[in-house]
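Heads up, start31.pdb below (PDB, N, CA and C atoms and all ligand atoms):
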ATOM      1  N   MET N   1     -20.523   8.679  11.735  1.00  0.00           N
ATOM      2  CA  MET N   1     -19.858   7.435  12.116  1.00  0.00           C
ATOM      3  C   MET N   1     -18.763   7.138  11.103  1.00  0.00           C
ATOM      4  N   ASN N   2     -17.537   7.184  11.542  1.00  0.00           N
ATOM      5  CA  ASN N   2     -16.448   6.876  10.620  1.00  0.00           C
ATOM      6  C   ASN N   2     -15.394   6.055  11.355  1.00  0.00           C
ATOM      7  N   GLY N   3     -14.419   5.569  10.597  1.00  0.00           N
ATOM      8  CA  GLY N   3     -13.337   4.812  11.199  1.00  0.00           C
ATOM      9  C   GLY N   3     -13.673   3.362  11.442  1.00  0.00           C
ATOM     10  N   THR N   4     -14.824   2.906  10.952  1.00  0.00           N
ATOM     11  CA  THR N   4     -15.189   1.505  11.138  1.00  0.00           C
ATOM     12  C   THR N   4     -14.725   0.680   9.945  1.00  0.00           C
ATOM     13  N   ARG N   5     -14.176  -0.484  10.264  1.00  0.00           N
ATOM     14  CA  ARG N   5     -13.812  -1.407   9.194  1.00  0.00           C
ATOM     15  C   ARG N   5     -14.230  -2.802   9.621  1.00  0.00           C
ATOM     16  N   VAL N   6     -14.880  -3.485   8.735  1.00  0.00           N
ATOM     17  CA  VAL N   6     -15.352  -4.830   9.030  1.00  0.00           C
ATOM     18  C   VAL N   6     -14.641  -5.816   8.107  1.00  0.00           C
ATOM     19  N   THR N   7     -13.968  -6.771   8.724  1.00  0.00           N
ATOM     20  CA  THR N   7     -13.261  -7.791   7.960  1.00  0.00           C
ATOM     21  C   THR N   7     -14.102  -9.049   7.912  1.00  0.00           C
ATOM     22  N   VAL N   8     -14.309  -9.553   6.710  1.00  0.00           N
ATOM     23  CA  VAL N   8     -15.083 -10.774   6.506  1.00  0.00           C
ATOM     24  C   VAL N   8     -14.138 -11.873   6.026  1.00  0.00           C
ATOM     25  N   ARG N   9     -14.142 -12.987   6.755  1.00  0.00           N
ATOM     26  CA  ARG N   9     -13.280 -14.105   6.370  1.00  0.00           C
ATOM     27  C   ARG N   9     -14.082 -15.389   6.380  1.00  0.00           C
ATOM     28  N   CYS N  10     -13.775 -16.252   5.420  1.00  0.00           N
ATOM     29  CA  CYS N  10     -14.442 -17.528   5.331  1.00  0.00           C
ATOM     30  C   CYS N  10     -13.534 -18.613   5.892  1.00  0.00           C
ATOM     31  N   HIS N  11     -14.116 -19.481   6.712  1.00  0.00           N
ATOM     32  CA  HIS N  11     -13.336 -20.584   7.285  1.00  0.00           C
ATOM     33  C   HIS N  11     -13.106 -21.697   6.271  1.00  0.00           C
ATOM     34  N   ASP N  12     -13.890 -21.726   5.231  1.00  0.00           N
ATOM     35  CA  ASP N  12     -13.879 -22.872   4.315  1.00  0.00           C
ATOM     36  C   ASP N  12     -13.264 -22.560   2.956  1.00  0.00           C
ATOM     37  N   CYS N  13     -12.941 -21.304   2.695  1.00  0.00           N
ATOM     38  CA  CYS N  13     -12.246 -20.960   1.462  1.00  0.00           C
ATOM     39  C   CYS N  13     -11.435 -19.703   1.716  1.00  0.00           C
ATOM     40  N   SER N  14     -10.851 -19.171   0.678  1.00  0.00           N
ATOM     41  CA  SER N  14      -9.900 -18.072   0.860  1.00  0.00           C
ATOM     42  C   SER N  14     -10.571 -16.703   0.831  1.00  0.00           C
ATOM     43  N   LEU N  15     -11.868 -16.689   0.894  1.00  0.00           N
ATOM     44  CA  LEU N  15     -12.569 -15.410   0.872  1.00  0.00           C
ATOM     45  C   LEU N  15     -12.112 -14.508   2.017  1.00  0.00           C
ATOM     46  N   ALA N  16     -11.730 -13.295   1.698  1.00  0.00           N
ATOM     47  CA  ALA N  16     -11.354 -12.317   2.717  1.00  0.00           C
ATOM     48  C   ALA N  16     -11.584 -10.933   2.142  1.00  0.00           C
ATOM     49  N   THR N  17     -12.546 -10.244   2.699  1.00  0.00           N
ATOM     50  CA  THR N  17     -12.851  -8.912   2.199  1.00  0.00           C
ATOM     51  C   THR N  17     -13.008  -7.954   3.366  1.00  0.00           C
ATOM     52  N   THR N  18     -12.864  -6.696   3.089  1.00  0.00           N
ATOM     53  CA  THR N  18     -13.094  -5.684   4.110  1.00  0.00           C
ATOM     54  C   THR N  18     -14.165  -4.720   3.620  1.00  0.00           C
ATOM     55  N   HIS N  19     -14.925  -4.234   4.565  1.00  0.00           N
ATOM     56  CA  HIS N  19     -15.996  -3.300   4.244  1.00  0.00           C
ATOM     57  C   HIS N  19     -15.953  -2.171   5.246  1.00  0.00           C
ATOM     58  N   ASP N  20     -16.321  -1.008   4.812  1.00  0.00           N
ATOM     59  CA  ASP N  20     -16.332   0.124   5.737  1.00  0.00           C
ATOM     60  C   ASP N  20     -17.731   0.409   6.287  1.00  0.00           C
ATOM     61  N   ARG N  21     -18.642  -0.477   5.946  1.00  0.00           N
ATOM     62  CA  ARG N  21     -19.978  -0.350   6.537  1.00  0.00           C
ATOM     63  C   ARG N  21     -20.470  -1.718   6.980  1.00  0.00           C
ATOM     64  N   LEU N  22     -21.065  -1.755   8.151  1.00  0.00           N
ATOM     65  CA  LEU N  22     -21.550  -3.004   8.724  1.00  0.00           C
ATOM     66  C   LEU N  22     -22.586  -3.655   7.812  1.00  0.00           C
ATOM     67  N   ARG N  23     -23.398  -2.826   7.221  1.00  0.00           N
ATOM     68  CA  ARG N  23     -24.457  -3.325   6.339  1.00  0.00           C
ATOM     69  C   ARG N  23     -23.864  -4.079   5.154  1.00  0.00           C
ATOM     70  N   ASP N  24     -22.805  -3.525   4.572  1.00  0.00           N
ATOM     71  CA  ASP N  24     -22.168  -4.171   3.428  1.00  0.00           C
ATOM     72  C   ASP N  24     -21.559  -5.502   3.832  1.00  0.00           C
ATOM     73  N   ALA N  25     -20.946  -5.516   5.015  1.00  0.00           N
ATOM     74  CA  ALA N  25     -20.315  -6.745   5.480  1.00  0.00           C
ATOM     75  C   ALA N  25     -21.362  -7.830   5.722  1.00  0.00           C
ATOM     76  N   ARG N  26     -22.448  -7.445   6.347  1.00  0.00           N
ATOM     77  CA  ARG N  26     -23.507  -8.410   6.611  1.00  0.00           C
ATOM     78  C   ARG N  26     -24.064  -9.000   5.306  1.00  0.00           C
ATOM     79  N   THR N  27     -24.205  -8.127   4.329  1.00  0.00           N
ATOM     80  CA  THR N  27     -24.683  -8.581   3.023  1.00  0.00           C
ATOM     81  C   THR N  27     -23.715  -9.584   2.412  1.00  0.00           C
ATOM     82  N   ALA N  28     -22.423  -9.294   2.520  1.00  0.00           N
ATOM     83  CA  ALA N  28     -21.403 -10.184   1.963  1.00  0.00           C
ATOM     84  C   ALA N  28     -21.423 -11.540   2.672  1.00  0.00           C
ATOM     85  N   VAL N  29     -21.561 -11.509   3.987  1.00  0.00           N
ATOM     86  CA  VAL N  29     -21.604 -12.747   4.768  1.00  0.00           C
ATOM     87  C   VAL N  29     -22.824 -13.573   4.384  1.00  0.00           C
ATOM     88  N   ASP N  30     -23.959 -12.936   4.378  1.00  0.00           N
ATOM     89  CA  ASP N  30     -25.202 -13.643   4.063  1.00  0.00           C
ATOM     90  C   ASP N  30     -25.150 -14.220   2.655  1.00  0.00           C
ATOM     91  N   ASP N  31     -24.610 -13.421   1.736  1.00  0.00           N
ATOM     92  CA  ASP N  31     -24.566 -13.844   0.340  1.00  0.00           C
ATOM     93  C   ASP N  31     -23.653 -15.056   0.176  1.00  0.00           C
ATOM     94  N   HIS N  32     -22.487 -14.995   0.817  1.00  0.00           N
ATOM     95  CA  HIS N  32     -21.534 -16.099   0.668  1.00  0.00           C
ATOM     96  C   HIS N  32     -22.047 -17.358   1.359  1.00  0.00           C
ATOM     97  N   GLU N  33     -22.625 -17.194   2.515  1.00  0.00           N
ATOM     98  CA  GLU N  33     -23.137 -18.363   3.243  1.00  0.00           C
ATOM     99  C   GLU N  33     -24.295 -19.017   2.492  1.00  0.00           C
ATOM    100  N   SER N  34     -25.161 -18.193   1.969  1.00  0.00           N
ATOM    101  CA  SER N  34     -26.330 -18.751   1.269  1.00  0.00           C
ATOM    102  C   SER N  34     -25.926 -19.367  -0.063  1.00  0.00           C
ATOM    103  N   THR N  35     -24.872 -18.833  -0.661  1.00  0.00           N
ATOM    104  CA  THR N  35     -24.432 -19.335  -1.964  1.00  0.00           C
ATOM    105  C   THR N  35     -23.618 -20.616  -1.826  1.00  0.00           C
ATOM    106  N   THR N  36     -22.714 -20.650  -0.848  1.00  0.00           N
ATOM    107  CA  THR N  36     -21.746 -21.744  -0.756  1.00  0.00           C
ATOM    108  C   THR N  36     -21.996 -22.651   0.432  1.00  0.00           C
ATOM    109  N   GLY N  37     -22.715 -22.166   1.441  1.00  0.00           N
ATOM    110  CA  GLY N  37     -22.895 -22.943   2.660  1.00  0.00           C
ATOM    111  C   GLY N  37     -21.663 -22.941   3.542  1.00  0.00           C
ATOM    112  N   HIS N  38     -20.729 -22.049   3.228  1.00  0.00           N
ATOM    113  CA  HIS N  38     -19.503 -21.964   4.020  1.00  0.00           C
ATOM    114  C   HIS N  38     -19.764 -21.281   5.358  1.00  0.00           C
ATOM    115  N   ASP N  39     -18.803 -21.458   6.248  1.00  0.00           N
ATOM    116  CA  ASP N  39     -18.881 -20.842   7.566  1.00  0.00           C
ATOM    117  C   ASP N  39     -18.085 -19.541   7.541  1.00  0.00           C
ATOM    118  N   VAL N  40     -18.776 -18.433   7.494  1.00  0.00           N
ATOM    119  CA  VAL N  40     -18.128 -17.136   7.342  1.00  0.00           C
ATOM    120  C   VAL N  40     -18.116 -16.413   8.687  1.00  0.00           C
ATOM    121  N   ASP N  41     -16.976 -15.806   8.962  1.00  0.00           N
ATOM    122  CA  ASP N  41     -16.832 -15.050  10.194  1.00  0.00           C
ATOM    123  C   ASP N  41     -16.551 -13.597   9.831  1.00  0.00           C
ATOM    124  N   TRP N  42     -16.928 -12.718  10.728  1.00  0.00           N
ATOM    125  CA  TRP N  42     -16.615 -11.305  10.482  1.00  0.00           C
ATOM    126  C   TRP N  42     -16.144 -10.645  11.761  1.00  0.00           C
ATOM    127  N   THR N  43     -15.265  -9.695  11.574  1.00  0.00           N
ATOM    128  CA  THR N  43     -14.679  -9.004  12.708  1.00  0.00           C
ATOM    129  C   THR N  43     -14.834  -7.506  12.511  1.00  0.00           C
ATOM    130  N   ILE N  44     -15.411  -6.871  13.506  1.00  0.00           N
ATOM    131  CA  ILE N  44     -15.563  -5.424  13.440  1.00  0.00           C
ATOM    132  C   ILE N  44     -14.317  -4.779  14.027  1.00  0.00           C
ATOM    133  N   GLU N  45     -13.656  -4.002  13.211  1.00  0.00           N
ATOM    134  CA  GLU N  45     -12.445  -3.339  13.653  1.00  0.00           C
ATOM    135  C   GLU N  45     -12.653  -1.841  13.580  1.00  0.00           C
ATOM    136  N   SER N  46     -11.722  -1.135  14.116  1.00  0.00           N
ATOM    137  CA  SER N  46     -11.746   0.307  13.993  1.00  0.00           C
ATOM    138  C   SER N  46     -10.402   0.772  13.485  1.00  0.00           C
ATOM    139  N   VAL N  47     -10.431   1.770  12.656  1.00  0.00           N
ATOM    140  CA  VAL N  47      -9.173   2.324  12.169  1.00  0.00           C
ATOM    141  C   VAL N  47      -8.369   2.884  13.336  1.00  0.00           C
ATOM    142  N   ALA N  48      -9.072   3.407  14.322  1.00  0.00           N
ATOM    143  CA  ALA N  48      -8.412   3.857  15.544  1.00  0.00           C
ATOM    144  C   ALA N  48      -8.194   2.638  16.441  1.00  0.00           C
ATOM    145  N   ALA N  49      -6.988   2.093  16.389  1.00  0.00           N
ATOM    146  CA  ALA N  49      -6.713   0.823  17.051  1.00  0.00           C
ATOM    147  C   ALA N  49      -6.932   0.912  18.556  1.00  0.00           C
ATOM    148  N   GLY N  50      -6.627   2.032  19.134  1.00  0.00           N
ATOM    149  CA  GLY N  50      -6.779   2.181  20.579  1.00  0.00           C
ATOM    150  C   GLY N  50      -8.223   2.016  21.014  1.00  0.00           C
ATOM    151  N   VAL N  51      -9.136   2.522  20.222  1.00  0.00           N
ATOM    152  CA  VAL N  51     -10.545   2.407  20.553  1.00  0.00           C
ATOM    153  C   VAL N  51     -10.977   0.951  20.505  1.00  0.00           C
ATOM    154  N   SER N  52     -10.555   0.261  19.484  1.00  0.00           N
ATOM    155  CA  SER N  52     -10.923  -1.138  19.336  1.00  0.00           C
ATOM    156  C   SER N  52     -10.381  -1.967  20.487  1.00  0.00           C
ATOM    157  N   LYS N  53      -9.140  -1.716  20.860  1.00  0.00           N
ATOM    158  CA  LYS N  53      -8.514  -2.470  21.942  1.00  0.00           C
ATOM    159  C   LYS N  53      -9.209  -2.186  23.272  1.00  0.00           C
ATOM    160  N   ALA N  54      -9.490  -0.937  23.528  1.00  0.00           N
ATOM    161  CA  ALA N  54     -10.141  -0.581  24.780  1.00  0.00           C
ATOM    162  C   ALA N  54     -11.511  -1.238  24.872  1.00  0.00           C
ATOM    163  N   GLY N  55     -12.211  -1.255  23.772  1.00  0.00           N
ATOM    164  CA  GLY N  55     -13.528  -1.862  23.761  1.00  0.00           C
ATOM    165  C   GLY N  55     -13.448  -3.352  24.043  1.00  0.00           C
ATOM    166  N   ALA N  56     -12.457  -4.006  23.452  1.00  0.00           N
ATOM    167  CA  ALA N  56     -12.306  -5.444  23.644  1.00  0.00           C
ATOM    168  C   ALA N  56     -11.893  -5.764  25.073  1.00  0.00           C
ATOM    169  N   ASP N  57     -11.027  -4.932  25.623  1.00  0.00           N
ATOM    170  CA  ASP N  57     -10.532  -5.182  26.968  1.00  0.00           C
ATOM    171  C   ASP N  57     -11.620  -4.970  28.013  1.00  0.00           C
ATOM    172  N   ALA N  58     -12.361  -3.923  27.863  1.00  0.00           N
ATOM    173  CA  ALA N  58     -13.279  -3.514  28.918  1.00  0.00           C
ATOM    174  C   ALA N  58     -14.716  -3.947  28.635  1.00  0.00           C
ATOM    175  N   GLY N  59     -14.975  -4.346  27.420  1.00  0.00           N
ATOM    176  CA  GLY N  59     -16.337  -4.693  27.080  1.00  0.00           C
ATOM    177  C   GLY N  59     -17.251  -3.489  27.050  1.00  0.00           C
ATOM    178  N   VAL N  60     -16.686  -2.358  26.772  1.00  0.00           N
ATOM    179  CA  VAL N  60     -17.481  -1.148  26.672  1.00  0.00           C
ATOM    180  C   VAL N  60     -17.357  -0.609  25.259  1.00  0.00           C
ATOM    181  N   CYS N  61     -18.005   0.471  25.018  1.00  0.00           N
ATOM    182  CA  CYS N  61     -18.026   0.992  23.667  1.00  0.00           C
ATOM    183  C   CYS N  61     -16.703   1.629  23.286  1.00  0.00           C
ATOM    184  N   GLY N  62     -15.847   1.883  24.264  1.00  0.00           N
ATOM    185  CA  GLY N  62     -14.545   2.423  23.959  1.00  0.00           C
ATOM    186  C   GLY N  62     -14.453   3.933  24.101  1.00  0.00           C
ATOM    187  N   ARG N  63     -15.573   4.559  24.291  1.00  0.00           N
ATOM    188  CA  ARG N  63     -15.515   6.000  24.467  1.00  0.00           C
ATOM    189  C   ARG N  63     -15.098   6.324  25.895  1.00  0.00           C
ATOM    190  N   PRO N  64     -14.247   7.303  26.091  1.00  0.00           N
ATOM    191  CA  PRO N  64     -13.797   7.653  27.445  1.00  0.00           C
ATOM    192  C   PRO N  64     -14.969   7.966  28.364  1.00  0.00           C
ATOM    193  N   GLU N  65     -16.010   8.534  27.819  1.00  0.00           N
ATOM    194  CA  GLU N  65     -17.145   8.911  28.654  1.00  0.00           C
ATOM    195  C   GLU N  65     -17.776   7.692  29.330  1.00  0.00           C
ATOM    196  N   CYS N  66     -17.682   6.561  28.670  1.00  0.00           N
ATOM    197  CA  CYS N  66     -18.322   5.362  29.185  1.00  0.00           C
ATOM    198  C   CYS N  66     -17.475   4.668  30.246  1.00  0.00           C
ATOM    199  N   ALA N  67     -16.172   4.831  30.159  1.00  0.00           N
ATOM    200  CA  ALA N  67     -15.282   4.025  30.981  1.00  0.00           C
ATOM    201  C   ALA N  67     -14.731   4.779  32.175  1.00  0.00           C
ATOM    202  N   ASN N  68     -14.785   6.082  32.134  1.00  0.00           N
ATOM    203  CA  ASN N  68     -14.091   6.871  33.139  1.00  0.00           C
ATOM    204  C   ASN N  68     -14.966   7.093  34.367  1.00  0.00           C
ATOM    205  N   GLU N  69     -14.816   6.227  35.347  1.00  0.00           N
ATOM    206  CA  GLU N  69     -15.607   6.359  36.564  1.00  0.00           C
ATOM    207  C   GLU N  69     -15.022   7.397  37.504  1.00  0.00           C
ATOM    208  N   ASP N  70     -13.822   7.814  37.204  1.00  0.00           N
ATOM    209  CA  ASP N  70     -13.172   8.824  38.045  1.00  0.00           C
ATOM    210  C   ASP N  70     -13.425  10.233  37.521  1.00  0.00           C
ATOM    211  N   SER N  71     -14.376  10.311  36.632  1.00  0.00           N
ATOM    212  CA  SER N  71     -14.672  11.615  36.059  1.00  0.00           C
ATOM    213  C   SER N  71     -15.052  12.609  37.139  1.00  0.00           C
ATOM    214  N   PRO N  72     -14.633  13.823  36.991  1.00  0.00           N
ATOM    215  CA  PRO N  72     -15.040  14.868  37.952  1.00  0.00           C
ATOM    216  C   PRO N  72     -16.547  14.995  38.063  1.00  0.00           C
ATOM    217  N   LEU N  73     -17.239  14.570  37.044  1.00  0.00           N
ATOM    218  CA  LEU N  73     -18.687  14.695  37.063  1.00  0.00           C
ATOM    219  C   LEU N  73     -19.321  13.776  38.099  1.00  0.00           C
ATOM    220  N   VAL N  74     -18.608  12.687  38.466  1.00  0.00           N
ATOM    221  CA  VAL N  74     -19.143  11.759  39.453  1.00  0.00           C
ATOM    222  C   VAL N  74     -19.099  12.377  40.849  1.00  0.00           C
ATOM    223  N   ASP N  75     -18.092  13.175  41.088  1.00  0.00           N
ATOM    224  CA  ASP N  75     -17.906  13.778  42.403  1.00  0.00           C
ATOM    225  C   ASP N  75     -17.741  15.285  42.236  1.00  0.00           C
ATOM    226  N   PRO N  76     -18.817  15.950  42.008  1.00  0.00           N
ATOM    227  CA  PRO N  76     -18.716  17.383  41.700  1.00  0.00           C
ATOM    228  C   PRO N  76     -18.310  18.176  42.934  1.00  0.00           C
ATOM    229  N   THR N  77     -17.641  19.221  42.698  1.00  0.00           N
ATOM    230  CA  THR N  77     -17.274  20.114  43.799  1.00  0.00           C
ATOM    231  C   THR N  77     -18.530  20.815  44.309  1.00  0.00           C
ATOM    232  N   PRO N  78     -18.541  21.122  45.595  1.00  0.00           N
ATOM    233  CA  PRO N  78     -19.729  21.793  46.148  1.00  0.00           C
ATOM    234  C   PRO N  78     -19.983  23.114  45.425  1.00  0.00           C
ATOM    235  N   PRO N  79     -21.220  23.402  45.218  1.00  0.00           N
ATOM    236  CA  PRO N  79     -21.527  24.673  44.529  1.00  0.00           C
ATOM    237  C   PRO N  79     -21.117  25.869  45.374  1.00  0.00           C
ATOM    238  N   GLU N  80     -20.573  26.825  44.700  1.00  0.00           N
ATOM    239  CA  GLU N  80     -20.166  28.012  45.431  1.00  0.00           C
ATOM    240  C   GLU N  80     -21.386  28.900  45.666  1.00  0.00           C
ATOM    241  N   PRO N  81     -21.461  29.427  46.865  1.00  0.00           N
ATOM    242  CA  PRO N  81     -22.623  30.296  47.158  1.00  0.00           C
ATOM    243  C   PRO N  81     -22.601  31.547  46.305  1.00  0.00           C
ATOM    244  N   GLU N  82     -23.765  31.881  45.842  1.00  0.00           N
ATOM    245  CA  GLU N  82     -23.835  33.105  45.042  1.00  0.00           C
ATOM    246  C   GLU N  82     -23.995  34.300  45.951  1.00  0.00           C
ATOM    247  N   SER N  83     -23.343  35.361  45.618  1.00  0.00           N
ATOM    248  CA  SER N  83     -23.437  36.530  46.484  1.00  0.00           C
ATOM    249  C   SER N  83     -24.185  37.663  45.792  1.00  0.00           C
TER     250      SER N  83
HETATM  251 ZN    ZN N 101     -16.187 -19.636   1.518  1.00  0.00          ZN
END
Can you give me the file's structure in the form of structure tokens?
Ligand SMILES: [Zn+2]
Amino acid sequence: MNGTRVTVRCHDCSLATTHDRLRDARTAVDDHESTTGHDVDWTIESVAAGVSKAGADAGVCGRPECANEDSPLVDPTPPEPES
């Protein structure tokens, strides 16, 4: 799993950090909220912008396999008879 970036921003102060692991971001959010009581928001981004956009638009994971209903696999060609 690579290409993930999580941006953590606080609504109540200037805190703004980025993490490349969800676990680290969650820790930062929990730590800041528990310490300050601030309202912290986080955004999961991807270094591959196209993937992130597709996921947001379609509400899917962003992988072509998930979104492509016109895949040849949906309508396979008839099997050729073996001779
Ligand atoms: Zn804060």
task: Return as a list in words the set of residues that the PyMOL selection byres (((not hetatm) and name CA) within 9 of (chain N and resi 101)) yields on the displayed structure.
output: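 Given this file, the PyMOL selection byres (((not hetatm) and name CA) within 9 of (chain N and resi 101)) evaluates to Arg9, Cys10, His11, Asp12, Cys13, Ser14, Leu15, Ala16, His32, Glu33, Thr35, Thr36, Gly37, His38, Asp39 and Val40 of chain N.
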task: List the neighbours of Thr4 of chain N out to 7 Å using only C-alpha atoms; skip same-chain residues closer than 3 positions along the sequence, and give me the result as a PyMOL selection string.
output: chain N and resi 20-21+45-47
Selection in question (the file shown): the PyMOL selection byres (((chain N and resi 25 and name CA) around 10) and not hetatm and name CA). Which residues does it include, as a PDB file with N, CA and C atoms, in the coordinates of the input?
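Heads up, here's the output in part36.pdb:
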ATOM      1  N   ARG N   5     -14.176  -0.484  10.264  1.00  0.00           N
ATOM      2  CA  ARG N   5     -13.812  -1.407   9.194  1.00  0.00           C
ATOM      3  C   ARG N   5     -14.230  -2.802   9.621  1.00  0.00           C
ATOM      4  N   VAL N   6     -14.880  -3.485   8.735  1.00  0.00           N
ATOM      5  CA  VAL N   6     -15.352  -4.830   9.030  1.00  0.00           C
ATOM      6  C   VAL N   6     -14.641  -5.816   8.107  1.00  0.00           C
ATOM      7  N   THR N   7     -13.968  -6.771   8.724  1.00  0.00           N
ATOM      8  CA  THR N   7     -13.261  -7.791   7.960  1.00  0.00           C
ATOM      9  C   THR N   7     -14.102  -9.049   7.912  1.00  0.00           C
ATOM     10  N   VAL N   8     -14.309  -9.553   6.710  1.00  0.00           N
ATOM     11  CA  VAL N   8     -15.083 -10.774   6.506  1.00  0.00           C
ATOM     12  C   VAL N   8     -14.138 -11.873   6.026  1.00  0.00           C
ATOM     13  N   THR N  17     -12.546 -10.244   2.699  1.00  0.00           N
ATOM     14  CA  THR N  17     -12.851  -8.912   2.199  1.00  0.00           C
ATOM     15  C   THR N  17     -13.008  -7.954   3.366  1.00  0.00           C
ATOM     16  N   THR N  18     -12.864  -6.696   3.089  1.00  0.00           N
ATOM     17  CA  THR N  18     -13.094  -5.684   4.110  1.00  0.00           C
ATOM     18  C   THR N  18     -14.165  -4.720   3.620  1.00  0.00           C
ATOM     19  N   HIS N  19     -14.925  -4.234   4.565  1.00  0.00           N
ATOM     20  CA  HIS N  19     -15.996  -3.300   4.244  1.00  0.00           C
ATOM     21  C   HIS N  19     -15.953  -2.171   5.246  1.00  0.00           C
ATOM     22  N   ASP N  20     -16.321  -1.008   4.812  1.00  0.00           N
ATOM     23  CA  ASP N  20     -16.332   0.124   5.737  1.00  0.00           C
ATOM     24  C   ASP N  20     -17.731   0.409   6.287  1.00  0.00           C
ATOM     25  N   ARG N  21     -18.642  -0.477   5.946  1.00  0.00           N
ATOM     26  CA  ARG N  21     -19.978  -0.350   6.537  1.00  0.00           C
ATOM     27  C   ARG N  21     -20.470  -1.718   6.980  1.00  0.00           C
ATOM     28  N   LEU N  22     -21.065  -1.755   8.151  1.00  0.00           N
ATOM     29  CA  LEU N  22     -21.550  -3.004   8.724  1.00  0.00           C
ATOM     30  C   LEU N  22     -22.586  -3.655   7.812  1.00  0.00           C
ATOM     31  N   ARG N  23     -23.398  -2.826   7.221  1.00  0.00           N
ATOM     32  CA  ARG N  23     -24.457  -3.325   6.339  1.00  0.00           C
ATOM     33  C   ARG N  23     -23.864  -4.079   5.154  1.00  0.00           C
ATOM     34  N   ASP N  24     -22.805  -3.525   4.572  1.00  0.00           N
ATOM     35  CA  ASP N  24     -22.168  -4.171   3.428  1.00  0.00           C
ATOM     36  C   ASP N  24     -21.559  -5.502   3.832  1.00  0.00           C
ATOM     37  N   ARG N  26     -22.448  -7.445   6.347  1.00  0.00           N
ATOM     38  CA  ARG N  26     -23.507  -8.410   6.611  1.00  0.00           C
ATOM     39  C   ARG N  26     -24.064  -9.000   5.306  1.00  0.00           C
ATOM     40  N   THR N  27     -24.205  -8.127   4.329  1.00  0.00           N
ATOM     41  CA  THR N  27     -24.683  -8.581   3.023  1.00  0.00           C
ATOM     42  C   THR N  27     -23.715  -9.584   2.412  1.00  0.00           C
ATOM     43  N   ALA N  28     -22.423  -9.294   2.520  1.00  0.00           N
ATOM     44  CA  ALA N  28     -21.403 -10.184   1.963  1.00  0.00           C
ATOM     45  C   ALA N  28     -21.423 -11.540   2.672  1.00  0.00           C
ATOM     46  N   VAL N  29     -21.561 -11.509   3.987  1.00  0.00           N
ATOM     47  CA  VAL N  29     -21.604 -12.747   4.768  1.00  0.00           C
ATOM     48  C   VAL N  29     -22.824 -13.573   4.384  1.00  0.00           C
ATOM     49  N   ASP N  30     -23.959 -12.936   4.378  1.00  0.00           N
ATOM     50  CA  ASP N  30     -25.202 -13.643   4.063  1.00  0.00           C
ATOM     51  C   ASP N  30     -25.150 -14.220   2.655  1.00  0.00           C
ATOM     52  N   ASP N  31     -24.610 -13.421   1.736  1.00  0.00           N
ATOM     53  CA  ASP N  31     -24.566 -13.844   0.340  1.00  0.00           C
ATOM     54  C   ASP N  31     -23.653 -15.056   0.176  1.00  0.00           C
ATOM     55  N   TRP N  42     -16.928 -12.718  10.728  1.00  0.00           N
ATOM     56  CA  TRP N  42     -16.615 -11.305  10.482  1.00  0.00           C
ATOM     57  C   TRP N  42     -16.144 -10.645  11.761  1.00  0.00           C
ATOM     58  N   THR N  43     -15.265  -9.695  11.574  1.00  0.00           N
ATOM     59  CA  THR N  43     -14.679  -9.004  12.708  1.00  0.00           C
ATOM     60  C   THR N  43     -14.834  -7.506  12.511  1.00  0.00           C
ATOM     61  N   ILE N  44     -15.411  -6.871  13.506  1.00  0.00           N
ATOM     62  CA  ILE N  44     -15.563  -5.424  13.440  1.00  0.00           C
ATOM     63  C   ILE N  44     -14.317  -4.779  14.027  1.00  0.00           C
TER      64      ILE N  44
END
- prompt: Separation of atom N of Ser34 of chain N and atom C of Gly3 of chain N, in Å?
  reply: 26.2 Å
